[in-house]
Amino acid sequence: MSNKKSFSWELYNRAPIVGIVRGVSMDVMRDIAYSYLKAGLHTIEITMNTPGATEMISNLRREFQDLNVGAGTVCNMEDYNKAVEAGSQFIVTPIIDEAVIKTAVDQEIPIFPGAYSPTEIYKAWSLGASAVKIFPATQLGVQFIKDISAPLNEIELLPTGGVSLENIKSFFEAGAVGVGMGSSLFNKKLIEERNFEGLAEHFTKVKAEATGF
């Protein structure tokens, strides 16, 4: 894709939340993206197991200049190549695939690989991860982030899974540099009702919890 504008860390750092979109159609996605930007959020991940994911990534890249658009659930080089070809500005994986991480690092594409144990977390970081996605953080919770951050204080942690409006603040207080949020951010009921006004309000609340403004 010719439009190779790279990932904007500046936009990401304004609200370090990666919104994970799974299984929505492009017409709904467009409305979600407007609400997302309206709330001051900028980084969105389309999972590769969403039907039409690559097309959606390309469309979002073309239509929304102020969005960081990435691909999630990238498990192997085949997924990686498709994602990058579609214009993904960052890559998220649920697992450690060395080839994927090294290729992203070589191509200077931010990568957030998924890791669970201290050993995996350290390995992902040493391979050159931009931040390590702690996945699934559901069972591990805030305490785990605190415990990991003490010995591995150089490593940037991005807990994903189990982060909600109620606890997002405590994840940042525990030392996370960002969070990944799926269903707790993209409220299914509001989306089904096409209540994009309500969705923008929900996004705004989450952002305020995360950033303090």
# chains A, B, ... in the order shown; residues from 1 in each chain; ligands from 1
call {"tool": "residues_around", "arguments": {"residues": "Glu78 of chain A", "least_positions_apart": "6", "cutoff": "12 Å", "atoms": "only C-alpha atoms", "output": "number ranges by chain"}}
result
A: 48, 84-85, 97, 99-100, 103
call {"tool": "residues_around", "arguments": {"residues": "segment 179-192 of chain A", "least_positions_apart": "6", "cutoff": "10 Å", "atoms": "only C-alpha atoms", "output": "PDB file with N, CA and C atoms, in the first residue's frame"}}
result
ATOM      1  N   ALA A  15      -3.705   8.945  24.522  1.00  0.00           N
ATOM      2  CA  ALA A  15      -4.645   8.027  25.191  1.00  0.00           C
ATOM      3  C   ALA A  15      -4.159   6.620  24.900  1.00  0.00           C
ATOM      4  N   PRO A  16      -3.288   6.058  25.769  1.00  0.00           N
ATOM      5  CA  PRO A  16      -2.654   4.780  25.454  1.00  0.00           C
ATOM      6  C   PRO A  16      -3.579   3.575  25.622  1.00  0.00           C
ATOM      7  N   ILE A  17      -4.623   3.591  24.814  1.00  0.00           N
ATOM      8  CA  ILE A  17      -5.603   2.501  24.815  1.00  0.00           C
ATOM      9  C   ILE A  17      -5.644   1.921  23.402  1.00  0.00           C
ATOM     10  N   VAL A  18      -5.484   0.611  23.314  1.00  0.00           N
ATOM     11  CA  VAL A  18      -5.629  -0.064  22.026  1.00  0.00           C
ATOM     12  C   VAL A  18      -7.014  -0.699  22.008  1.00  0.00           C
ATOM     13  N   GLY A  19      -7.890  -0.184  21.172  1.00  0.00           N
ATOM     14  CA  GLY A  19      -9.247  -0.724  21.065  1.00  0.00           C
ATOM     15  C   GLY A  19      -9.260  -1.904  20.114  1.00  0.00           C
ATOM     16  N   ILE A  20      -9.739  -3.041  20.600  1.00  0.00           N
ATOM     17  CA  ILE A  20      -9.688  -4.274  19.815  1.00  0.00           C
ATOM     18  C   ILE A  20     -11.054  -4.578  19.219  1.00  0.00           C
ATOM     19  N   VAL A  21     -11.110  -4.542  17.897  1.00  0.00           N
ATOM     20  CA  VAL A  21     -12.378  -4.746  17.194  1.00  0.00           C
ATOM     21  C   VAL A  21     -12.395  -6.140  16.581  1.00  0.00           C
ATOM     22  N   ARG A  22     -13.452  -6.864  16.893  1.00  0.00           N
ATOM     23  CA  ARG A  22     -13.570  -8.226  16.377  1.00  0.00           C
ATOM     24  C   ARG A  22     -14.974  -8.423  15.814  1.00  0.00           C
ATOM     25  N   VAL A  24     -16.991  -6.990  13.423  1.00  0.00           N
ATOM     26  CA  VAL A  24     -18.030  -6.030  13.023  1.00  0.00           C
ATOM     27  C   VAL A  24     -17.908  -5.762  11.527  1.00  0.00           C
ATOM     28  N   VAL A  28     -20.640  -0.414  10.060  1.00  0.00           N
ATOM     29  CA  VAL A  28     -20.709  -0.134  11.498  1.00  0.00           C
ATOM     30  C   VAL A  28     -19.356   0.390  11.977  1.00  0.00           C
ATOM     31  N   MET A  29     -18.287  -0.192  11.437  1.00  0.00           N
ATOM     32  CA  MET A  29     -16.925   0.200  11.825  1.00  0.00           C
ATOM     33  C   MET A  29     -16.684   1.683  11.584  1.00  0.00           C
ATOM     34  N   ASP A  31     -18.870   4.133  11.674  1.00  0.00           N
ATOM     35  CA  ASP A  31     -19.529   4.905  12.740  1.00  0.00           C
ATOM     36  C   ASP A  31     -18.783   4.789  14.062  1.00  0.00           C
ATOM     37  N   ILE A  32     -18.272   3.588  14.332  1.00  0.00           N
ATOM     38  CA  ILE A  32     -17.488   3.387  15.552  1.00  0.00           C
ATOM     39  C   ILE A  32     -16.243   4.277  15.517  1.00  0.00           C
ATOM     40  N   TYR A  36     -15.039   7.065  18.123  1.00  0.00           N
ATOM     41  CA  TYR A  36     -13.746   6.818  18.764  1.00  0.00           C
ATOM     42  C   TYR A  36     -12.890   8.083  18.730  1.00  0.00           C
ATOM     43  N   THR A  43      -6.109   4.764  18.641  1.00  0.00           N
ATOM     44  CA  THR A  43      -5.420   3.541  18.244  1.00  0.00           C
ATOM     45  C   THR A  43      -6.373   2.367  18.251  1.00  0.00           C
ATOM     46  N   ILE A  44      -6.534   1.741  17.091  1.00  0.00           N
ATOM     47  CA  ILE A  44      -7.549   0.709  16.930  1.00  0.00           C
ATOM     48  C   ILE A  44      -6.946  -0.512  16.245  1.00  0.00           C
ATOM     49  N   GLU A  45      -7.317  -1.672  16.754  1.00  0.00           N
ATOM     50  CA  GLU A  45      -6.771  -2.929  16.235  1.00  0.00           C
ATOM     51  C   GLU A  45      -7.906  -3.758  15.652  1.00  0.00           C
ATOM     52  N   VAL A  92      -0.304  -6.746  16.546  1.00  0.00           N
ATOM     53  CA  VAL A  92      -0.518  -7.322  17.873  1.00  0.00           C
ATOM     54  C   VAL A  92      -0.665  -8.829  17.705  1.00  0.00           C
ATOM     55  N   LYS A 133       2.292  -7.285  25.321  1.00  0.00           N
ATOM     56  CA  LYS A 133       0.879  -7.436  25.648  1.00  0.00           C
ATOM     57  C   LYS A 133       0.750  -8.570  26.664  1.00  0.00           C
ATOM     58  N   ILE A 134       0.321  -8.253  27.873  1.00  0.00           N
ATOM     59  CA  ILE A 134       0.120  -9.290  28.884  1.00  0.00           C
ATOM     60  C   ILE A 134      -1.250  -9.895  28.621  1.00  0.00           C
ATOM     61  N   PHE A 135      -1.234 -11.145  28.144  1.00  0.00           N
ATOM     62  CA  PHE A 135      -2.486 -11.744  27.689  1.00  0.00           C
ATOM     63  C   PHE A 135      -2.538 -13.220  28.074  1.00  0.00           C
ATOM     64  N   ALA A 137      -4.876 -10.997  30.590  1.00  0.00           N
ATOM     65  CA  ALA A 137      -4.685 -10.365  31.906  1.00  0.00           C
ATOM     66  C   ALA A 137      -5.879 -10.615  32.828  1.00  0.00           C
ATOM     67  N   LEU A 157       4.608  -2.735  29.698  1.00  0.00           N
ATOM     68  CA  LEU A 157       3.554  -3.747  29.749  1.00  0.00           C
ATOM     69  C   LEU A 157       2.215  -3.183  29.290  1.00  0.00           C
ATOM     70  N   LEU A 158       1.522  -3.977  28.470  1.00  0.00           N
ATOM     71  CA  LEU A 158       0.232  -3.581  27.915  1.00  0.00           C
ATOM     72  C   LEU A 158      -0.796  -4.674  28.238  1.00  0.00           C
ATOM     73  N   PRO A 159      -1.352  -4.664  29.464  1.00  0.00           N
ATOM     74  CA  PRO A 159      -2.322  -5.716  29.801  1.00  0.00           C
ATOM     75  C   PRO A 159      -3.555  -5.669  28.901  1.00  0.00           C
ATOM     76  N   THR A 160      -4.014  -6.839  28.507  1.00  0.00           N
ATOM     77  CA  THR A 160      -5.157  -6.976  27.602  1.00  0.00           C
ATOM     78  C   THR A 160      -6.009  -8.138  28.076  1.00  0.00           C
ATOM     79  N   GLY A 161      -7.319  -7.916  28.126  1.00  0.00           N
ATOM     80  CA  GLY A 161      -8.228  -8.949  28.631  1.00  0.00           C
ATOM     81  C   GLY A 161      -8.547  -8.622  30.072  1.00  0.00           C
ATOM     82  N   GLY A 162      -9.793  -8.353  30.365  1.00  0.00           N
ATOM     83  CA  GLY A 162     -10.175  -8.065  31.744  1.00  0.00           C
ATOM     84  C   GLY A 162     -10.006  -6.609  32.168  1.00  0.00           C
ATOM     85  N   VAL A 163      -9.610  -5.752  31.228  1.00  0.00           N
ATOM     86  CA  VAL A 163      -9.503  -4.322  31.560  1.00  0.00           C
ATOM     87  C   VAL A 163     -10.873  -3.686  31.312  1.00  0.00           C
ATOM     88  N   SER A 164     -11.359  -2.932  32.295  1.00  0.00           N
ATOM     89  CA  SER A 164     -12.699  -2.339  32.179  1.00  0.00           C
ATOM     90  C   SER A 164     -12.691  -0.895  32.670  1.00  0.00           C
ATOM     91  N   LEU A 165     -13.801  -0.229  32.477  1.00  0.00           N
ATOM     92  CA  LEU A 165     -13.961   1.145  32.977  1.00  0.00           C
ATOM     93  C   LEU A 165     -13.672   1.191  34.479  1.00  0.00           C
ATOM     94  N   GLU A 166     -14.071   0.141  35.192  1.00  0.00           N
ATOM     95  CA  GLU A 166     -13.943   0.101  36.653  1.00  0.00           C
ATOM     96  C   GLU A 166     -12.497  -0.052  37.123  1.00  0.00           C
ATOM     97  N   ILE A 168      -9.501   0.207  34.935  1.00  0.00           N
ATOM     98  CA  ILE A 168      -8.440   0.674  34.030  1.00  0.00           C
ATOM     99  C   ILE A 168      -7.421   1.562  34.753  1.00  0.00           C
ATOM    100  N   PHE A 171      -4.769  -0.355  36.644  1.00  0.00           N
ATOM    101  CA  PHE A 171      -3.726  -0.965  35.799  1.00  0.00           C
ATOM    102  C   PHE A 171      -2.613   0.051  35.515  1.00  0.00           C
ATOM    103  N   PHE A 172      -3.009   1.294  35.226  1.00  0.00           N
ATOM    104  CA  PHE A 172      -1.998   2.326  34.978  1.00  0.00           C
ATOM    105  C   PHE A 172      -1.223   2.633  36.262  1.00  0.00           C
ATOM    106  N   GLY A 198     -24.030   7.445  22.443  1.00  0.00           N
ATOM    107  CA  GLY A 198     -23.794   6.777  23.723  1.00  0.00           C
ATOM    108  C   GLY A 198     -22.431   6.103  23.762  1.00  0.00           C
ATOM    109  N   LEU A 199     -22.035   5.574  22.604  1.00  0.00           N
ATOM    110  CA  LEU A 199     -20.734   4.905  22.507  1.00  0.00           C
ATOM    111  C   LEU A 199     -19.605   5.917  22.708  1.00  0.00           C
ATOM    112  N   ALA A 200     -19.743   7.080  22.083  1.00  0.00           N
ATOM    113  CA  ALA A 200     -18.729   8.138  22.240  1.00  0.00           C
ATOM    114  C   ALA A 200     -18.627   8.571  23.703  1.00  0.00           C
ATOM    115  N   HIS A 202     -19.286   6.687  26.305  1.00  0.00           N
ATOM    116  CA  HIS A 202     -18.623   5.576  26.991  1.00  0.00           C
ATOM    117  C   HIS A 202     -17.104   5.648  26.759  1.00  0.00           C
ATOM    118  N   PHE A 203     -16.704   5.868  25.508  1.00  0.00           N
ATOM    119  CA  PHE A 203     -15.277   6.005  25.189  1.00  0.00           C
ATOM    120  C   PHE A 203     -14.643   7.139  26.000  1.00  0.00           C
ATOM    121  N   VAL A 206     -13.984   6.143  29.592  1.00  0.00           N
ATOM    122  CA  VAL A 206     -12.836   5.234  29.700  1.00  0.00           C
ATOM    123  C   VAL A 206     -11.544   6.028  29.565  1.00  0.00           C
ATOM    124  N   ALA A 210      -8.388   6.591  32.250  1.00  0.00           N
ATOM    125  CA  ALA A 210      -7.014   6.204  31.894  1.00  0.00           C
ATOM    126  C   ALA A 210      -6.039   7.369  31.994  1.00  0.00           C
TER     127      ALA A 210
END
call {"tool": "atom_distance", "arguments": {"atom1": "atom CA of Met26 of chain A", "atom2": "atom CA of Gly52 of chain A"}}
result
8.4 Å
call {"tool": "select_by_dssp", "arguments": {"residues": "segment 147-207 of chain A", "states": "helix (DSSP H, G or I)", "output": "PyMOL selection string"}}
result
chain A and resi 147-149+168-173+188-192+196-207
call {"tool": "write_last_selection", "arguments": {"atoms": "N, CA and C atoms", "output": "mmCIF file, in the first residue's frame"}}
result
data_model
loop_
_atom_site.group_PDB
_atom_site.id
_atom_site.type_symbol
_atom_site.label_atom_id
_atom_site.label_comp_id
_atom_site.auth_asym_id
_atom_site.auth_seq_id
_atom_site.Cartn_x
_atom_site.Cartn_y
_atom_site.Cartn_z
ATOM 1 N N ASP A 147 3.504 -6.984 40.383
ATOM 2 C CA ASP A 147 4.558 -7.957 40.708
ATOM 3 C C ASP A 147 5.607 -8.031 39.599
ATOM 4 N N ILE A 148 5.157 -8.008 38.348
ATOM 5 C CA ILE A 148 6.072 -8.094 37.202
ATOM 6 C C ILE A 148 6.887 -6.813 37.067
ATOM 7 N N SER A 149 6.222 -5.683 37.307
ATOM 8 C CA SER A 149 6.880 -4.377 37.112
ATOM 9 C C SER A 149 8.053 -4.159 38.051
ATOM 10 N N ILE A 168 -9.501 0.207 34.935
ATOM 11 C CA ILE A 168 -8.440 0.674 34.030
ATOM 12 C C ILE A 168 -7.421 1.562 34.753
ATOM 13 N N LYS A 169 -7.917 2.401 35.636
ATOM 14 C CA LYS A 169 -7.039 3.318 36.355
ATOM 15 C C LYS A 169 -6.014 2.550 37.188
ATOM 16 N N SER A 170 -6.475 1.488 37.838
ATOM 17 C CA SER A 170 -5.572 0.722 38.702
ATOM 18 C C SER A 170 -4.479 -0.003 37.909
ATOM 19 N N PHE A 171 -4.769 -0.355 36.644
ATOM 20 C CA PHE A 171 -3.726 -0.965 35.799
ATOM 21 C C PHE A 171 -2.613 0.051 35.515
ATOM 22 N N PHE A 172 -3.009 1.294 35.226
ATOM 23 C CA PHE A 172 -1.998 2.326 34.978
ATOM 24 C C PHE A 172 -1.223 2.633 36.262
ATOM 25 N N GLU A 173 -1.921 2.671 37.370
ATOM 26 C CA GLU A 173 -1.255 2.921 38.662
ATOM 27 C C GLU A 173 -0.273 1.805 39.010
ATOM 28 N N LYS A 188 -21.342 -3.849 23.162
ATOM 29 C CA LYS A 188 -22.115 -4.559 22.147
ATOM 30 C C LYS A 188 -23.540 -4.015 22.025
ATOM 31 N N LYS A 189 -24.141 -3.753 23.167
ATOM 32 C CA LYS A 189 -25.527 -3.291 23.187
ATOM 33 C C LYS A 189 -25.650 -1.945 22.469
ATOM 34 N N LEU A 190 -24.754 -1.016 22.798
ATOM 35 C CA LEU A 190 -24.790 0.306 22.156
ATOM 36 C C LEU A 190 -24.565 0.187 20.651
ATOM 37 N N ILE A 191 -23.664 -0.712 20.257
ATOM 38 C CA ILE A 191 -23.382 -0.885 18.825
ATOM 39 C C ILE A 191 -24.583 -1.505 18.122
ATOM 40 N N GLU A 192 -25.194 -2.510 18.735
ATOM 41 C CA GLU A 192 -26.381 -3.144 18.138
ATOM 42 C C GLU A 192 -27.527 -2.155 17.985
ATOM 43 N N PHE A 196 -24.407 5.534 18.608
ATOM 44 C CA PHE A 196 -23.004 5.950 18.523
ATOM 45 C C PHE A 196 -22.702 7.174 19.380
ATOM 46 N N GLU A 197 -23.765 7.916 19.696
ATOM 47 C CA GLU A 197 -23.642 9.020 20.651
ATOM 48 C C GLU A 197 -23.278 8.462 22.034
ATOM 49 N N GLY A 198 -24.030 7.445 22.443
ATOM 50 C CA GLY A 198 -23.794 6.777 23.723
ATOM 51 C C GLY A 198 -22.431 6.103 23.762
ATOM 52 N N LEU A 199 -22.035 5.574 22.604
ATOM 53 C CA LEU A 199 -20.734 4.905 22.507
ATOM 54 C C LEU A 199 -19.605 5.917 22.708
ATOM 55 N N ALA A 200 -19.743 7.080 22.083
ATOM 56 C CA ALA A 200 -18.729 8.138 22.240
ATOM 57 C C ALA A 200 -18.627 8.571 23.703
ATOM 58 N N GLU A 201 -19.764 8.646 24.370
ATOM 59 C CA GLU A 201 -19.769 9.005 25.804
ATOM 60 C C GLU A 201 -19.040 7.943 26.626
ATOM 61 N N HIS A 202 -19.286 6.687 26.305
ATOM 62 C CA HIS A 202 -18.623 5.576 26.991
ATOM 63 C C HIS A 202 -17.104 5.648 26.759
ATOM 64 N N PHE A 203 -16.704 5.868 25.508
ATOM 65 C CA PHE A 203 -15.277 6.005 25.189
ATOM 66 C C PHE A 203 -14.643 7.139 26.000
ATOM 67 N N THR A 204 -15.366 8.253 26.085
ATOM 68 C CA THR A 204 -14.855 9.433 26.794
ATOM 69 C C THR A 204 -14.616 9.122 28.270
ATOM 70 N N LYS A 205 -15.545 8.382 28.875
ATOM 71 C CA LYS A 205 -15.408 7.991 30.281
ATOM 72 C C LYS A 205 -14.175 7.114 30.490
ATOM 73 N N VAL A 206 -13.984 6.143 29.592
ATOM 74 C CA VAL A 206 -12.836 5.234 29.700
ATOM 75 C C VAL A 206 -11.544 6.028 29.565
ATOM 76 N N LYS A 207 -11.511 6.930 28.592
ATOM 77 C CA LYS A 207 -10.315 7.735 28.378
ATOM 78 C C LYS A 207 -10.005 8.584 29.614
#
call {"tool": "closest_residue", "arguments": {"among": "A:Thr54, A:Gln139, A:Asn49, A:Asn59", "to": "Asn81 of chain A", "atoms": "only C-alpha atoms"}}
result
A:Thr54
call {"tool": "residues_around", "arguments": {"residues": "Asn68 of chain A", "least_positions_apart": "5", "cutoff": "10 Å", "atoms": "only C-alpha atoms", "output": "list in words"}}
result
Lys5, Ser6, Phe7, Ser8, Trp9, Leu11, Tyr12, Val18, Leu41, His42, Thr43, Ile44, Glu45, Leu60, Arg61, Ser88, Gln89 and Phe90 of chain A
call {"tool": "write_last_selection", "arguments": {"atoms": "N, CA and C atoms", "output": "CSV table (one decimal), in the first residue's frame"}}
result
chain,number,residue,atom,x,y,z
A,5,LYS,N,2.1,5.9,5.9
A,5,LYS,CA,2.4,6.8,7.0
A,5,LYS,C,2.5,5.9,8.2
A,6,SER,N,3.6,6.1,9.0
A,6,SER,CA,3.9,5.2,10.1
A,6,SER,C,3.1,5.5,11.3
A,7,PHE,N,3.1,4.6,12.2
A,7,PHE,CA,2.4,4.7,13.5
A,7,PHE,C,2.7,6.0,14.2
A,8,SER,N,1.7,6.7,14.7
A,8,SER,CA,2.0,7.9,15.4
A,8,SER,C,2.0,7.6,16.9
A,9,TRP,N,3.2,7.6,17.5
A,9,TRP,CA,3.3,7.5,19.0
A,9,TRP,C,2.7,8.6,19.7
A,11,LEU,N,0.0,10.4,18.9
A,11,LEU,CA,-1.5,10.1,19.0
A,11,LEU,C,-1.7,9.0,20.0
A,12,TYR,N,-0.9,8.0,19.9
A,12,TYR,CA,-1.1,6.8,20.9
A,12,TYR,C,-1.0,7.3,22.3
A,18,VAL,N,-5.5,0.6,23.3
A,18,VAL,CA,-5.6,-0.1,22.0
A,18,VAL,C,-7.0,-0.7,22.0
A,41,LEU,N,-9.8,9.1,21.3
A,41,LEU,CA,-9.0,7.9,21.2
A,41,LEU,C,-8.5,7.7,19.8
A,42,HIS,N,-7.3,7.1,19.6
A,42,HIS,CA,-6.7,7.1,18.3
A,42,HIS,C,-6.1,5.8,17.8
A,43,THR,N,-6.1,4.8,18.6
A,43,THR,CA,-5.4,3.5,18.2
A,43,THR,C,-6.4,2.4,18.3
A,44,ILE,N,-6.5,1.7,17.1
A,44,ILE,CA,-7.5,0.7,16.9
A,44,ILE,C,-6.9,-0.5,16.2
A,45,GLU,N,-7.3,-1.7,16.8
A,45,GLU,CA,-6.8,-2.9,16.2
A,45,GLU,C,-7.9,-3.8,15.7
A,60,LEU,N,-10.0,1.9,6.6
A,60,LEU,CA,-9.8,2.8,7.7
A,60,LEU,C,-8.6,3.7,7.5
A,61,ARG,N,-7.5,3.1,7.0
A,61,ARG,CA,-6.3,3.9,6.8
A,61,ARG,C,-6.6,5.0,5.8
A,88,SER,N,-1.5,-2.0,7.7
A,88,SER,CA,-1.4,-2.0,9.2
A,88,SER,C,-0.2,-1.2,9.7
A,89,GLN,N,-0.5,-0.3,10.6
A,89,GLN,CA,0.6,0.6,11.2
A,89,GLN,C,1.2,0.0,12.4
A,90,PHE,N,0.6,-1.1,13.0
A,90,PHE,CA,1.2,-1.8,14.1
A,90,PHE,C,0.6,-3.2,14.1
